[in-house]
Amino acid sequence: MKTKVKVILLLMLLLIMSVISITVEDVQAAQYDIEAYVEDMQPGWNLGNTYDAVGYDETAWGNPRVTRVLIDSIAEQGFNSIRIPITFDQRMSGTPNYRINDDFLERITDTVDWSLEAGMKVMINIHHDSWIWLETGMPNNHQATIARFNAIWEQLANHFKDYPIDLMFESINEPRFQTDANTAQGYLDQLNTSFYNIVRGSGGNNAIRPLVIPTMDTGAEPEKLNSLYHWMIHTNDPHLISTIHYYGFWPFSVNIAGHTTFDQQTKDHIHETFDRVYQQFVANGIPVVIGEFGLLGFDTHVGTVQQGEKLKFFEYMIHYANEKNLVHMLWDNGQHFNRHELLWNDHEFYDIMQASWSGRSSTAEADYIYLERGQPVSDVTLKLNLNGNQFTGLSIDGQWLNPNVDYQLNDDLLTIKASLLESLTQNNQLGHQAKLTASFNQGANWYFNLHLYDKPILSDTTDSVANFAIPIEFKGNHLATMEAVYHYGQPAGPQNWTSYKEFGYAFSPDYQQNLITFPYERFFNEVHDNQPVILTLHFWSGETVTYQVEKNGSQVTGTVINQ
């Protein structure tokens, strides 16, 4: 009998010690610092247009299937976190169970596993469901919409509950609802609260898992930040992360209304947005992740914003985000990192972005020099934005040029000598002549592209609205923007509050086919019949040419005005 008692007492002691041990481990884990956690996420990358693609599978929007090699490559590029957007709409059953497809969940799990094994922190979310069925479902089919949302997170929370806290959950991507602002905010608060309660009550590491909570539209307007801040304060959980998205000052981001350059308004927008987010959250101990950043014009083409102006934007934006302790996660839908070749499509972009993670790169007022063929060549002076760095030299194809002979630096003014420019254009062929590399003691290089040009030549043409394009000999020029006004002076075409049309949306240059195109009839769909429209084409060389178009039913006639 005494032996049995001893055994029972021993078992009870072991049980108590086990409970104490688990409790101590939980307490220690619960004491992780969320601000330090988020700092370790910097910088981040999005696996865009993949599991979020609306279609049969992850390849529906043009990207290849995800592999461990891809994920390892992303980690090797220097990214410390990965955001995996997921659209569940067509990959789950209907009411009442809303079961996520097993094969799809397995693919997500594989990708999460590979990312964790590569040493990255991982964020998963509900993505395009936000506009596919939540946007209208919350006001029009409320209970069923909530049930479906809850079912997704109940399954995900249970499936991943024992995963390490390096996996985090984001409730919903870019939430929006078809109702008034106050009601919409109430819907978002309800979804976020439901998400929070499901995850926290699901056991395992979910009790302390980092949870990422968005503002309405993931916008940074004061009322949206304030609403999320109060939700977080009310929730009173030390393991919450706030999130916004940032795609820049809209006119610059899509190249409209004449905002073709990284101007002061664009820079001020960065300051105002990031300062506001910092004051609302970071200054109060709540970390912020910019879950997506980029330029909206990339939705049509990465060339919507001119290369040098694009590079200046990213260099400065990342630098200022770092200053304000905001984690930035690049939105990449396959346009930046080529997932077939595992290489960057634009290495200049990657180099300046990578350098900005830990410092500043020097830039210049432009990355181009245009010389008109047949005209006398003069010295060209360009202002450098040194950003605290020192200029170390100018080279071409790895060969250093001779200071004071080929170029001269005077404070922050770089003068490229006429003798060098003449020697580089002596073949007299139009187009790109040379690429000059400016080097500095730190940061990425800056490049100057030398072009030889003549005045562009346009031709008369007539065609249907669907196929109309202006024939043009670019003659070494590159299009910056296009103005469109009726013959009586009012802006014509889409977004008629400005005469300067949206690049890539209303019009687009095709340098291979020698055309100015009008994609998807967008421009002519908003042009009056039998009302001549004067187009002014502005080129980076400084040249301008004018052209008249007139729509008559389904036909458009284009006429040269001057050349």
# chains A, B, ... in the order shown; residues from 1 in each chain; ligands from 1
>>> residues_around(residues="range 464-471 of chain A", least_positions_apart="5", cutoff="9 Å", atoms="only C-alpha atoms", output="list in words")
Ile457, Leu458, Ser459, Gln513, Asn514, Leu515, Ile516, Thr517, Phe518, Pro519, Tyr520, Glu521, Phe524, Asn525, Lys551, Gly553, Ser554, Gln555, Val556, Thr557 and Gly558 of chain A
>>> select_by_dssp(residues="range 85-172 of chain A", states="helix (DSSP H, G or I)", output="number ranges by chain")
A: 89-91, 102-117, 129-140, 142-160
>>> write_last_selection(atoms="C-alpha atoms", output="PDB file, in the first residue's frame")
ATOM      1  CA  ASP A  89     -13.003  31.810 -52.959  1.00  0.00           C
ATOM      2  CA  GLN A  90     -12.853  29.077 -55.607  1.00  0.00           C
ATOM      3  CA  ARG A  91     -10.755  26.743 -53.449  1.00  0.00           C
ATOM      4  CA  ASP A 102      -7.014  19.701 -49.136  1.00  0.00           C
ATOM      5  CA  ASP A 103      -4.619  19.971 -52.081  1.00  0.00           C
ATOM      6  CA  PHE A 104      -4.640  23.752 -51.911  1.00  0.00           C
ATOM      7  CA  LEU A 105      -4.005  23.798 -48.167  1.00  0.00           C
ATOM      8  CA  GLU A 106      -1.157  21.363 -48.700  1.00  0.00           C
ATOM      9  CA  ARG A 107       0.445  23.736 -51.246  1.00  0.00           C
ATOM     10  CA  ILE A 108       0.147  26.619 -48.794  1.00  0.00           C
ATOM     11  CA  THR A 109       1.634  24.467 -46.036  1.00  0.00           C
ATOM     12  CA  ASP A 110       4.587  23.451 -48.215  1.00  0.00           C
ATOM     13  CA  THR A 111       5.324  27.088 -49.029  1.00  0.00           C
ATOM     14  CA  VAL A 112       5.060  28.132 -45.379  1.00  0.00           C
ATOM     15  CA  ASP A 113       7.403  25.286 -44.413  1.00  0.00           C
ATOM     16  CA  TRP A 114       9.969  26.180 -47.075  1.00  0.00           C
ATOM     17  CA  SER A 115       9.867  29.839 -46.022  1.00  0.00           C
ATOM     18  CA  LEU A 116      10.377  29.050 -42.341  1.00  0.00           C
ATOM     19  CA  GLU A 117      13.195  26.632 -43.170  1.00  0.00           C
ATOM     20  CA  ASP A 129     -11.793  37.414 -51.090  1.00  0.00           C
ATOM     21  CA  SER A 130     -11.982  40.965 -49.714  1.00  0.00           C
ATOM     22  CA  TRP A 131     -13.457  42.259 -52.986  1.00  0.00           C
ATOM     23  CA  ILE A 132     -14.804  39.004 -54.433  1.00  0.00           C
ATOM     24  CA  TRP A 133     -17.383  38.257 -51.719  1.00  0.00           C
ATOM     25  CA  LEU A 134     -16.687  40.182 -48.504  1.00  0.00           C
ATOM     26  CA  GLU A 135     -17.138  43.660 -50.006  1.00  0.00           C
ATOM     27  CA  THR A 136     -20.773  43.086 -50.978  1.00  0.00           C
ATOM     28  CA  GLY A 137     -21.437  40.150 -48.674  1.00  0.00           C
ATOM     29  CA  MET A 138     -21.082  42.050 -45.418  1.00  0.00           C
ATOM     30  CA  PRO A 139     -23.897  44.544 -46.220  1.00  0.00           C
ATOM     31  CA  ASN A 140     -26.077  42.170 -48.281  1.00  0.00           C
ATOM     32  CA  HIS A 142     -24.128  39.381 -43.504  1.00  0.00           C
ATOM     33  CA  GLN A 143     -24.476  36.172 -41.488  1.00  0.00           C
ATOM     34  CA  ALA A 144     -23.400  33.839 -44.291  1.00  0.00           C
ATOM     35  CA  THR A 145     -20.410  36.086 -45.055  1.00  0.00           C
ATOM     36  CA  ILE A 146     -19.300  36.108 -41.428  1.00  0.00           C
ATOM     37  CA  ALA A 147     -19.724  32.326 -41.264  1.00  0.00           C
ATOM     38  CA  ARG A 148     -17.548  31.828 -44.327  1.00  0.00           C
ATOM     39  CA  PHE A 149     -14.857  34.214 -43.061  1.00  0.00           C
ATOM     40  CA  ASN A 150     -14.857  32.503 -39.671  1.00  0.00           C
ATOM     41  CA  ALA A 151     -14.673  29.048 -41.243  1.00  0.00           C
ATOM     42  CA  ILE A 152     -11.498  29.966 -43.125  1.00  0.00           C
ATOM     43  CA  TRP A 153      -9.742  31.194 -40.004  1.00  0.00           C
ATOM     44  CA  GLU A 154     -11.005  28.314 -37.876  1.00  0.00           C
ATOM     45  CA  GLN A 155      -9.393  25.891 -40.320  1.00  0.00           C
ATOM     46  CA  LEU A 156      -6.159  27.873 -40.698  1.00  0.00           C
ATOM     47  CA  ALA A 157      -5.829  28.482 -36.969  1.00  0.00           C
ATOM     48  CA  ASN A 158      -6.287  24.805 -36.176  1.00  0.00           C
ATOM     49  CA  HIS A 159      -4.013  23.658 -38.985  1.00  0.00           C
ATOM     50  CA  PHE A 160      -1.112  25.936 -38.022  1.00  0.00           C
TER      51      PHE A 160
END
>>> closest_residue(among="A:Met120, A:Asp332, A:Ser541, A:Arg65", to="Trp344 in chain A", atoms="only C-alpha atoms")
A:Asp332
>>> atom_distance(atom1="CA of Asn255 in chain A", atom2="CA of Gly493 in chain A")
15.5 Å
>>> residues_around(residues="Asp367 in chain A", least_positions_apart="3", cutoff="6 Å", atoms="only C-alpha atoms", output="PyMOL selection string")
chain A and resi 308+447-448
>>> atom_distance(atom1="CA of Asp463 in chain A", atom2="CA of Gln548 in chain A")
13.8 Å
>>> residues_around(residues="Phe503 in chain A", least_positions_apart="3", cutoff="7 Å", atoms="only C-alpha atoms", output="PyMOL selection string")
chain A and resi 254-256+304+481+506-508
>>> write_last_selection(atoms="N, CA and C atoms", output="short mmCIF file (atom, residue, chain, number, x, y, z; two decimals), in the first residue's frame")
data_model
loop_
_atom_site.label_atom_id
_atom_site.label_comp_id
_atom_site.auth_asym_id
_atom_site.auth_seq_id
_atom_site.Cartn_x
_atom_site.Cartn_y
_atom_site.Cartn_z
N VAL A 254 1.03 56.77 -61.12
CA VAL A 254 0.48 56.28 -62.40
C VAL A 254 0.89 57.16 -63.57
N ASN A 255 1.67 58.22 -63.34
CA ASN A 255 2.11 59.15 -64.37
C ASN A 255 0.90 59.81 -65.04
N ILE A 256 0.27 60.70 -64.29
CA ILE A 256 -0.87 61.46 -64.79
C ILE A 256 -0.73 62.91 -64.33
N THR A 304 5.84 52.57 -66.86
CA THR A 304 4.91 53.69 -66.75
C THR A 304 5.60 54.92 -66.17
N THR A 481 4.89 61.93 -71.67
CA THR A 481 3.47 62.07 -71.35
C THR A 481 2.73 62.57 -72.59
N ALA A 506 -4.41 55.36 -70.75
CA ALA A 506 -5.09 56.03 -71.86
C ALA A 506 -4.29 55.93 -73.16
N PHE A 507 -2.99 55.85 -73.03
CA PHE A 507 -2.11 55.79 -74.21
C PHE A 507 -0.84 55.04 -73.83
N SER A 508 -0.11 54.56 -74.83
CA SER A 508 1.12 53.83 -74.54
C SER A 508 2.01 53.83 -75.77
#
>>> closest_residue(among="A:Leu240, A:Leu326, A:Leu401, A:Leu409", to="Val380 in chain A", atoms="only C-alpha atoms")
A:Leu409
>>> select_by_dssp(residues="range 387-430 of chain A", states="strand (DSSP E)", output="number ranges by chain")
A: 391-396, 399-400, 407-410, 413-416
>>> write_last_selection(atoms="C-alpha atoms", output="compact mmCIF listing (two decimals), in the first residue's frame")
# COMPACT_ATOMS: atom_id res chain seq x y z
CA PHE A 391 31.53 60.64 -55.82
CA THR A 392 34.46 58.40 -56.77
CA GLY A 393 34.45 58.39 -60.55
CA LEU A 394 32.78 57.99 -63.92
CA SER A 395 33.28 54.96 -66.16
CA ILE A 396 32.05 53.31 -69.36
CA GLN A 399 36.91 51.70 -68.05
CA TRP A 400 37.47 54.72 -65.83
CA TYR A 407 34.24 65.18 -66.83
CA GLN A 408 34.50 67.58 -63.94
CA LEU A 409 32.92 67.61 -60.48
CA ASN A 410 32.22 70.93 -58.81
CA LEU A 413 27.51 69.46 -60.13
CA LEU A 414 28.83 66.86 -62.55
CA THR A 415 29.84 68.27 -65.95
CA ILE A 416 30.33 65.80 -68.78
